[in-house]
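What follows is one structure encoded as structure tokens, with my remarks underneath.
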Amino acid sequence: MSQRITIDPITRLEGHGRIEIFLDHAGEVSSAYFQIPELRGFESFCVGRHAEEMPNITNRICGVCPEAHHMAAIKAVEQAFGVTCLPAAERIRELIYMAFFVADHTTHFYCLGGPDFIVGPDAPASERNLLGVIRKVGLDIGNRVIDTRKRNHELIKQLGGRGVHLCGAVAGGWAVPITPEQRDEFRRWADENREFAAFSLDIFEKTVLGNPQFLELVMGELYRHETHSMGTVDETMALNFYQGKIRVVDTVGNQALLYDPKDYLDHVAERVEPWSYLKFPYLKKFGWQGFVDGQQSGIYHATPLARLNAADRIATPLAQAEFERFYDRFGARGKGDGGRNLPVHQRLATHWARLIEMLYASERMIELLEHPEICDPVVRQVVHPRAGVGVGSVEAPRGTLTHHYETDGRGVLTRVNMIVGTTNNNAPISLSIMKAARGLIHGGKVSDGILNQVEMAFRLYDPCCSCSTHALGKAPLELNLRRLGSGELLDRVVRG
Amino acid sequence: MHGAKPKLAMYWAASCGGCEVSLANIHEAILEVDAHFDFMFCPCLLDTKRKDIEALPDGVIYLTLFNGALRTEENLEMARLLRSKSQLFVAFGSCAASGGIPALANQHGIEHVLETTYRTAPSVENPEGLIPGTAHDAQGHELELPAFLPRVLAVPQAVPVDYAMPGCPPEPGQIIAVLRHIASGAPLPAAGSLIGCSARAVCDECAREKRGQLAKALLRPHDALPEAGWCLVEQGFTCLGASTRAGCAALCPAVAMPCSGCYGPLDRDADSGAAALSAVAAAVDPGPGSGQDEAELHARLRQALSGVADPLGTFYRYTLSETVVAERPTEVEP
């Protein structure tokens, strides 16, 4: 007798998500499947489009992270057209991108991932959202969260034209420059972001690391497994979200790969499984070894935690200090070969890493706004389309994002390929769920607490397009435990 | 007491989540929505409790904002289910109202989508040519995926809707205005109306100056530097403001980028792309039409219009589920 547990839907990615967990005769977990039952097919229907419209078409891949697609797209277009972005426009793009990171990481921490810790993993589902956080910690924190989202969305709207699905990217430049008045206001907002990021790290310190139950969840075995880590770094091997080289650090902290994004096909391949519409990327260097972790497996993750693991440092002072404190806490700082940090494999630490990234993004905003030529009005140039190939890459909040275009002489697309942030994590999400389920489900019994903790293994990746969940609440779950064959319902848990 | 308030639901089909984010971007007004409605925050809530929803009496949900186009059988089933359970059922956002970006897939068809995604994408390593199937046997357990509809449909093409609310996404100010109106108990507009938008064109909300000049040729955004404050169409940029319904406050032209038509056609009875195309073409100077060599005339017009190398993606970007342009039998697929 074997059994099956269905969690449907979890939350969404490019559509809905579903988890299937199979139990063996003894009621122990034998395998888990993370299924994506939806596909829209941008790689197909973008063929024939004006390449320069891709920032405006592909931002509709995801309404949570349109900024990531917008930036990756315009970079791919520019490479295909053989044009370099004007420096003033480049600064505006990165400034918008940092504001986006602050807003996005804020919504995840306070509305999706954070309530597990702030309100508590056993709290009723109806409390596990921003309103629950407000009730627990006070209205002031809720106002700060709303204000943080608001001011950063306002910056994006002023410079990008729209609050969702911005439209400012133009080949070789940006739609509009920053006025001195805007700069002064944005500069104040950047300070507020920095304070808010520090405040959030303080909350994490007190409510998570200061709570023995939560500390054990973060530091313990349940959510720990070893895969390679991918992230973007600058020439000094410092963390970067907007541009640089792709670096992969292996499970013991050594550099496995360092490559220009345009060479991604040499290093990453995608596997098709018949049971999910979402593909499974893996590193060619190690090959596909199945759904297993470890040094020999081709599976990697690309998350805030992976980005910290892949970098040697952070280029801004406050975030660098937090970066050091993070690795110290895990006893990993400088303990690898050549004095590198050992990678942190405790996946729930991704929430902590996300806050360190928020601090970096805030500090980087300040740097950009203090650039003497941030208000340089020369942000557009005339560009001539051509036949070419371009690969654009940024770090989306949920992982390395790659757009790859081929154009004809009119600048019309003839081929399109993309590897989207969360797609990188398709296999590791399955591994995390399997590990948590194996550690928690015994003798075929599940409980509300078990369900929640299995769900936490998924939620830490902040899968893209978990949108209304992401913004407003969380996805309630139904978990069915069935006997195979007869379909008899053995156990059932519904939350929400 | 939550139960006393009218139930508000929001569901997503083939969409990006931008509609939900736009709702979240009403910021502190979200507390006002919470006060007026029993808000089923997450679309997954409805999906999770699908059996419970099926068991409920019809019309138990007061207002459903249904966003996303219909790409899979599951999308279609949920649209039908929520229609029957809702008193007011709104096709919310461009994808639901007219197919939106996902409906661009109707140009090449679903076979091309599957072939491109799983077989010919340059990063795919798929020697067996597998295409994920609707039912798969894994270790003796069946894993299921929903089947695709042959073509992407807008919601009104499949189920009756009370209203459609355009925009990609609908702007936060429009969302809160609609919710306030409905919460107030004020009379509702006639069934079938467009809500959350204007009866006029984007040009009416645009601050850029019209000088009554005709453009020399159609331009793409990188072809020239736009002059500040001057109508983009008159400068030649392919801005669809004249044929697109307003309600967005002309956001894109405000940052010197052309309107791409996301609020849908101003004239609901016309073919959307044809209307947009003729509005743009009418803004281009045809030049002297007589006393010229036919071939030269033709070449000049061709040159003037060459700024649109992708008419389908330019003029039907958000409306391809509705038009017959994309309707062709699969045997003529290239």
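Residue numbering restarts at 1 in every chain; chains get A, B, ... in the order shown in the structure tokens, and ligands count up from 1 in that same order.
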Looking only at the backbone, which of the residues in stretch 5-129 of chain B does DSSP tag as helix (DSSP H, G or I), as an NGL selection string?
:B and (18-24 or 27-36 or 43-48 or 50-55 or 73-85 or 94-98 or 101-106 or 110-120)
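Using only C-alpha atoms, the smallest distance between any of A:Gly449, A:Gly27, A:Gly48, A:Gly220 and A:Glu406 comes from A:Gly48.
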List every residue of stretch 179-247 of chain A that DSSP, applied to the backbone, labels as strand (DSSP E), and write the result as a ChimeraX atom specification.
/A:228-233,245-247
Please write the residues from the selection above to a file, keeping N, CA and C atoms, as a PDB file, in the first residue's frame.
ATOM      1  N   HIS A 228      24.665  23.638  -5.635  1.00  0.00           N
ATOM      2  CA  HIS A 228      25.528  24.735  -6.031  1.00  0.00           C
ATOM      3  C   HIS A 228      24.731  26.050  -5.963  1.00  0.00           C
ATOM      4  N   SER A 229      25.481  27.159  -5.906  1.00  0.00           N
ATOM      5  CA  SER A 229      24.846  28.476  -5.740  1.00  0.00           C
ATOM      6  C   SER A 229      25.210  29.376  -6.909  1.00  0.00           C
ATOM      7  N   MET A 230      24.195  30.022  -7.516  1.00  0.00           N
ATOM      8  CA  MET A 230      24.430  30.917  -8.652  1.00  0.00           C
ATOM      9  C   MET A 230      24.087  32.359  -8.282  1.00  0.00           C
ATOM     10  N   GLY A 231      24.888  33.293  -8.786  1.00  0.00           N
ATOM     11  CA  GLY A 231      24.584  34.707  -8.589  1.00  0.00           C
ATOM     12  C   GLY A 231      25.426  35.557  -9.525  1.00  0.00           C
ATOM     13  N   THR A 232      25.099  36.843  -9.600  1.00  0.00           N
ATOM     14  CA  THR A 232      25.867  37.766 -10.429  1.00  0.00           C
ATOM     15  C   THR A 232      26.850  38.539  -9.547  1.00  0.00           C
ATOM     16  N   VAL A 233      28.071  38.686 -10.037  1.00  0.00           N
ATOM     17  CA  VAL A 233      29.106  39.417  -9.289  1.00  0.00           C
ATOM     18  C   VAL A 233      29.766  40.452 -10.196  1.00  0.00           C
ATOM     19  N   LYS A 245      29.187  39.344 -14.122  1.00  0.00           N
ATOM     20  CA  LYS A 245      29.342  37.982 -14.619  1.00  0.00           C
ATOM     21  C   LYS A 245      28.553  37.018 -13.742  1.00  0.00           C
ATOM     22  N   ILE A 246      28.218  35.890 -14.331  1.00  0.00           N
ATOM     23  CA  ILE A 246      27.520  34.857 -13.581  1.00  0.00           C
ATOM     24  C   ILE A 246      28.569  33.970 -12.910  1.00  0.00           C
ATOM     25  N   ARG A 247      28.418  33.828 -11.610  1.00  0.00           N
ATOM     26  CA  ARG A 247      29.356  32.983 -10.882  1.00  0.00           C
ATOM     27  C   ARG A 247      28.586  31.852 -10.215  1.00  0.00           C
TER      28      ARG A 247
END
Between atom CA of A:Phe286 and atom CA of A:Ala396, what is the distance in Å, rounded to a tenth?
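Separation of atom CA of A:Phe286 and atom CA of A:Ala396: 24.2 Å.
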Find the spatial neighbours of B:Ala79, counting only C-alpha atoms, within a cut-off of 8 Å - ignore same-chain residues fewer than 6 positions away - and output them as an MDAnalysis selection string.
chainID B and resid 66 155 159
Can you write just those residues out, C-alpha atoms, as a PDB file, in the first residue's frame?
ATOM      1  CA  PHE B  66     -11.642  37.659 -12.903  1.00  0.00           C
ATOM      2  CA  VAL B 155     -13.360  35.658 -20.785  1.00  0.00           C
ATOM      3  CA  VAL B 159     -18.888  32.987 -20.292  1.00  0.00           C
TER       4      VAL B 159
END
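You can rank A:Ser393, A:Asn254, A:Ser297, A:Ser276 by their closest distance to chain B using only C-alpha atoms, and at the top of that list sits A:Ser276.
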Can you list, as a ChimeraX atom specification, every protein, DNA or RNA residue that comes within 9 Å of stretch 375-379 of chain A when you count only C-alpha atoms, leaving out same-chain residues fewer than 4 positions away?
/A:85-90,92,172-180,183,369,371
For each of B:Phe89, B:Tyr163, B:Tyr318, B:Tyr62, take the minimum atom-to-atom distance to chain A, counting only C-alpha atoms, then give the residue where this is smallest.
B:Tyr318
Can you check which parts of stretch 13-117 of chain B lie within 12 Å of stretch 412-431 of chain A? Per residue, the shortest pair of atoms and distance in Å to one decimal, counting only C-alpha atoms, sorted by chain and number, as JSON lines.
{"residue": "B:Val113", "atom": "CA", "partner": "A:Val416", "partner_atom": "CA", "distance": 11.7}
{"residue": "B:Thr116", "atom": "CA", "partner": "A:Asn417", "partner_atom": "CA", "distance": 9.0}
{"residue": "B:Thr117", "atom": "CA", "partner": "A:Asn417", "partner_atom": "CA", "distance": 8.4}
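In terms of minimum interatomic distance to A:Pro37, A:Tyr277 ranks closest within A:Tyr277, A:Trp288, A:Val64, A:Val248, counting only C-alpha atoms.
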Tell me which protein, DNA and RNA residues are within 12 Å of B:Gln213, counting only C-alpha atoms, leaving out same-chain ones fewer than 3 positions away, and put them as JSON, numbers by chain.
{"B": [209, 210, 216, 230, 231, 232, 233, 234, 235, 236, 282, 283, 284, 285]}
Restricting it to C-alpha atoms, dump the selection as a PDB file, in the first residue's frame.
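Just written: selection_13.pdb:
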ATOM      1  CA  GLU B 209       0.503  69.589 -27.571  1.00  0.00           C
ATOM      2  CA  LYS B 210      -1.195  68.860 -30.893  1.00  0.00           C
ATOM      3  CA  LYS B 216       6.593  62.542 -42.368  1.00  0.00           C
ATOM      4  CA  TRP B 230       4.802  67.803 -28.580  1.00  0.00           C
ATOM      5  CA  CYS B 231       2.322  65.119 -29.610  1.00  0.00           C
ATOM      6  CA  LEU B 232       4.200  61.896 -30.322  1.00  0.00           C
ATOM      7  CA  VAL B 233       1.921  60.974 -33.230  1.00  0.00           C
ATOM      8  CA  GLU B 234       2.622  64.247 -35.006  1.00  0.00           C
ATOM      9  CA  GLN B 235       6.322  63.528 -34.585  1.00  0.00           C
ATOM     10  CA  GLY B 236       5.744  60.168 -36.264  1.00  0.00           C
ATOM     11  CA  ALA B 282      -4.138  59.065 -41.054  1.00  0.00           C
ATOM     12  CA  ALA B 283      -1.503  60.970 -39.097  1.00  0.00           C
ATOM     13  CA  VAL B 284       1.128  60.428 -41.807  1.00  0.00           C
ATOM     14  CA  ASP B 285       1.498  62.957 -44.605  1.00  0.00           C
TER      15      ASP B 285
END
What's the separation between atom CA of A:Phe204 and atom CA of A:Pro304, in Å to one decimal place?
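It comes out at 15.6 Å.
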What is the distance, in Å and to one decimal place, between atom CA of A:Ile441 and atom CA of A:Glu20?
13.4 Å
Got a sec: who's within 12 Å of B:Cys95, counting only C-alpha atoms, leaving out chain neighbours fewer than 5 positions off, as a ChimeraX atom specification?
/A:40,60 /B:12-19,66-71,100-104,152-157,164-170,262-264,317-322
Give the answer as one residue: which of A:Ala76, A:Ala269, A:Val102, A:Leu258 has the shortest atom-to-atom distance to chain B, using only C-alpha atoms?
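Under the stated criterion, the closest residue is A:Ala269.
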Do a neighbour search on stretch 242-247 of chain B at 10 Å with only C-alpha atoms, toss out local chain neighbours closer than 5 positions, and write the hits as a ChimeraX atom specification.
/B:166-167,170-171,173-174,195-206,233,259-268,272-280,283
For N, CA and C atoms, I'd like the residues from the last selection saved as a CSV table (one decimal), in the first residue's frame.
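Result saved to result16.csv:
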chain,number,residue,atom,x,y,z
B,166,PRO,N,-11.0,47.4,-18.5
B,166,PRO,CA,-9.7,47.3,-19.3
B,166,PRO,C,-8.5,47.8,-18.5
B,167,GLY,N,-7.3,47.6,-19.2
B,167,GLY,CA,-6.1,48.1,-18.6
B,167,GLY,C,-5.1,47.0,-18.4
B,170,PRO,N,-5.4,47.4,-14.9
B,170,PRO,CA,-6.2,48.6,-14.6
B,170,PRO,C,-5.5,49.4,-13.5
B,171,GLU,N,-5.5,50.7,-13.7
B,171,GLU,CA,-4.8,51.6,-12.8
B,171,GLU,C,-5.4,51.6,-11.4
B,173,GLY,N,-6.1,53.8,-9.2
B,173,GLY,CA,-7.1,54.8,-9.0
B,173,GLY,C,-8.5,54.4,-9.5
B,174,GLN,N,-8.5,53.7,-10.6
B,174,GLN,CA,-9.7,53.2,-11.2
B,174,GLN,C,-10.3,52.1,-10.4
B,195,ILE,N,-16.2,49.3,-17.5
B,195,ILE,CA,-16.1,50.1,-16.2
B,195,ILE,C,-14.7,50.4,-16.0
B,196,GLY,N,-14.4,51.4,-15.1
B,196,GLY,CA,-13.1,51.8,-14.7
B,196,GLY,C,-12.3,52.4,-15.8
B,197,CYS,N,-13.0,53.1,-16.7
B,197,CYS,CA,-12.2,53.7,-17.8
B,197,CYS,C,-13.1,54.9,-18.3
B,198,SER,N,-12.6,55.6,-19.3
B,198,SER,CA,-13.3,56.8,-19.8
B,198,SER,C,-14.0,56.5,-21.1
B,199,ALA,N,-14.9,57.4,-21.5
B,199,ALA,CA,-15.6,57.2,-22.8
B,199,ALA,C,-14.8,57.9,-23.9
B,200,ARG,N,-13.7,58.5,-23.5
B,200,ARG,CA,-12.9,59.3,-24.5
B,200,ARG,C,-11.6,58.6,-24.8
B,201,ALA,N,-10.8,59.2,-25.7
B,201,ALA,CA,-9.5,58.6,-26.1
B,201,ALA,C,-8.3,59.1,-25.2
B,202,VAL,N,-7.3,58.3,-25.2
B,202,VAL,CA,-6.1,58.6,-24.4
B,202,VAL,C,-5.6,60.0,-24.7
B,203,CYS,N,-5.7,60.4,-26.0
B,203,CYS,CA,-5.3,61.8,-26.4
B,203,CYS,C,-6.0,62.9,-25.6
B,204,ASP,N,-7.2,62.6,-25.1
B,204,ASP,CA,-7.9,63.6,-24.3
B,204,ASP,C,-7.3,63.8,-23.0
B,205,GLU,N,-6.6,62.8,-22.5
B,205,GLU,CA,-6.0,62.9,-21.2
B,205,GLU,C,-4.5,63.3,-21.3
B,206,CYS,N,-4.0,63.4,-22.5
B,206,CYS,CA,-2.6,63.6,-22.7
B,206,CYS,C,-2.3,65.1,-22.7
B,233,VAL,N,2.4,61.4,-31.9
B,233,VAL,CA,1.9,61.0,-33.2
B,233,VAL,C,2.4,62.0,-34.3
B,259,CYS,N,1.8,55.3,-26.6
B,259,CYS,CA,0.7,54.4,-26.0
B,259,CYS,C,0.7,53.1,-26.8
B,260,SER,N,0.7,52.0,-26.1
B,260,SER,CA,0.6,50.7,-26.8
B,260,SER,C,-0.8,50.1,-26.9
B,261,GLY,N,-1.8,50.9,-26.3
B,261,GLY,CA,-3.2,50.4,-26.5
B,261,GLY,C,-3.7,49.5,-25.5
B,262,CYS,N,-3.2,49.5,-24.2
B,262,CYS,CA,-3.6,48.5,-23.3
B,262,CYS,C,-5.0,48.7,-22.8
B,263,TYR,N,-5.6,49.9,-22.8
B,263,TYR,CA,-7.0,50.0,-22.4
B,263,TYR,C,-8.0,49.7,-23.5
B,264,GLY,N,-7.5,49.2,-24.6
B,264,GLY,CA,-8.4,48.6,-25.6
B,264,GLY,C,-8.9,49.7,-26.5
B,265,PRO,N,-9.6,49.2,-27.6
B,265,PRO,CA,-10.1,50.2,-28.6
B,265,PRO,C,-11.2,51.1,-28.1
B,266,LEU,N,-11.1,52.3,-28.6
B,266,LEU,CA,-12.1,53.3,-28.2
B,266,LEU,C,-13.5,52.9,-28.8
B,267,ASP,N,-13.5,52.4,-30.0
B,267,ASP,CA,-14.7,52.0,-30.6
B,267,ASP,C,-14.8,50.5,-30.4
B,268,ARG,N,-15.8,50.1,-29.6
B,268,ARG,CA,-15.9,48.6,-29.3
B,268,ARG,C,-16.5,47.8,-30.4
B,272,SER,N,-10.3,46.1,-33.6
B,272,SER,CA,-9.4,47.0,-32.8
B,272,SER,C,-8.1,47.4,-33.6
B,273,GLY,N,-7.5,46.4,-34.2
B,273,GLY,CA,-6.3,46.6,-34.9
B,273,GLY,C,-6.5,47.5,-36.1
B,274,ALA,N,-7.5,47.2,-36.9
B,274,ALA,CA,-7.8,48.0,-38.1
B,274,ALA,C,-8.0,49.5,-37.7
B,275,ALA,N,-8.8,49.7,-36.6
B,275,ALA,CA,-9.0,51.0,-36.1
B,275,ALA,C,-7.7,51.7,-35.7
B,276,ALA,N,-6.9,51.0,-35.0
B,276,ALA,CA,-5.6,51.6,-34.6
B,276,ALA,C,-4.7,51.9,-35.8
B,277,LEU,N,-4.7,51.0,-36.7
B,277,LEU,CA,-3.9,51.2,-37.9
B,277,LEU,C,-4.4,52.4,-38.7
B,278,SER,N,-5.7,52.5,-38.9
B,278,SER,CA,-6.1,53.7,-39.7
B,278,SER,C,-5.9,55.0,-39.0
B,279,ALA,N,-6.0,55.0,-37.6
B,279,ALA,CA,-5.8,56.2,-36.9
B,279,ALA,C,-4.3,56.7,-37.1
B,280,VAL,N,-3.4,55.7,-37.0
B,280,VAL,CA,-2.0,56.0,-37.1
B,280,VAL,C,-1.7,56.5,-38.6
B,283,ALA,N,-2.4,59.9,-39.7
B,283,ALA,CA,-1.5,61.0,-39.1
B,283,ALA,C,-0.2,61.2,-39.9
Using only C-alpha atoms, which residue out of A:Glu273, A:Ile19, A:Leu139, A:Gly409 lies closest to B:Gly129?
A:Glu273
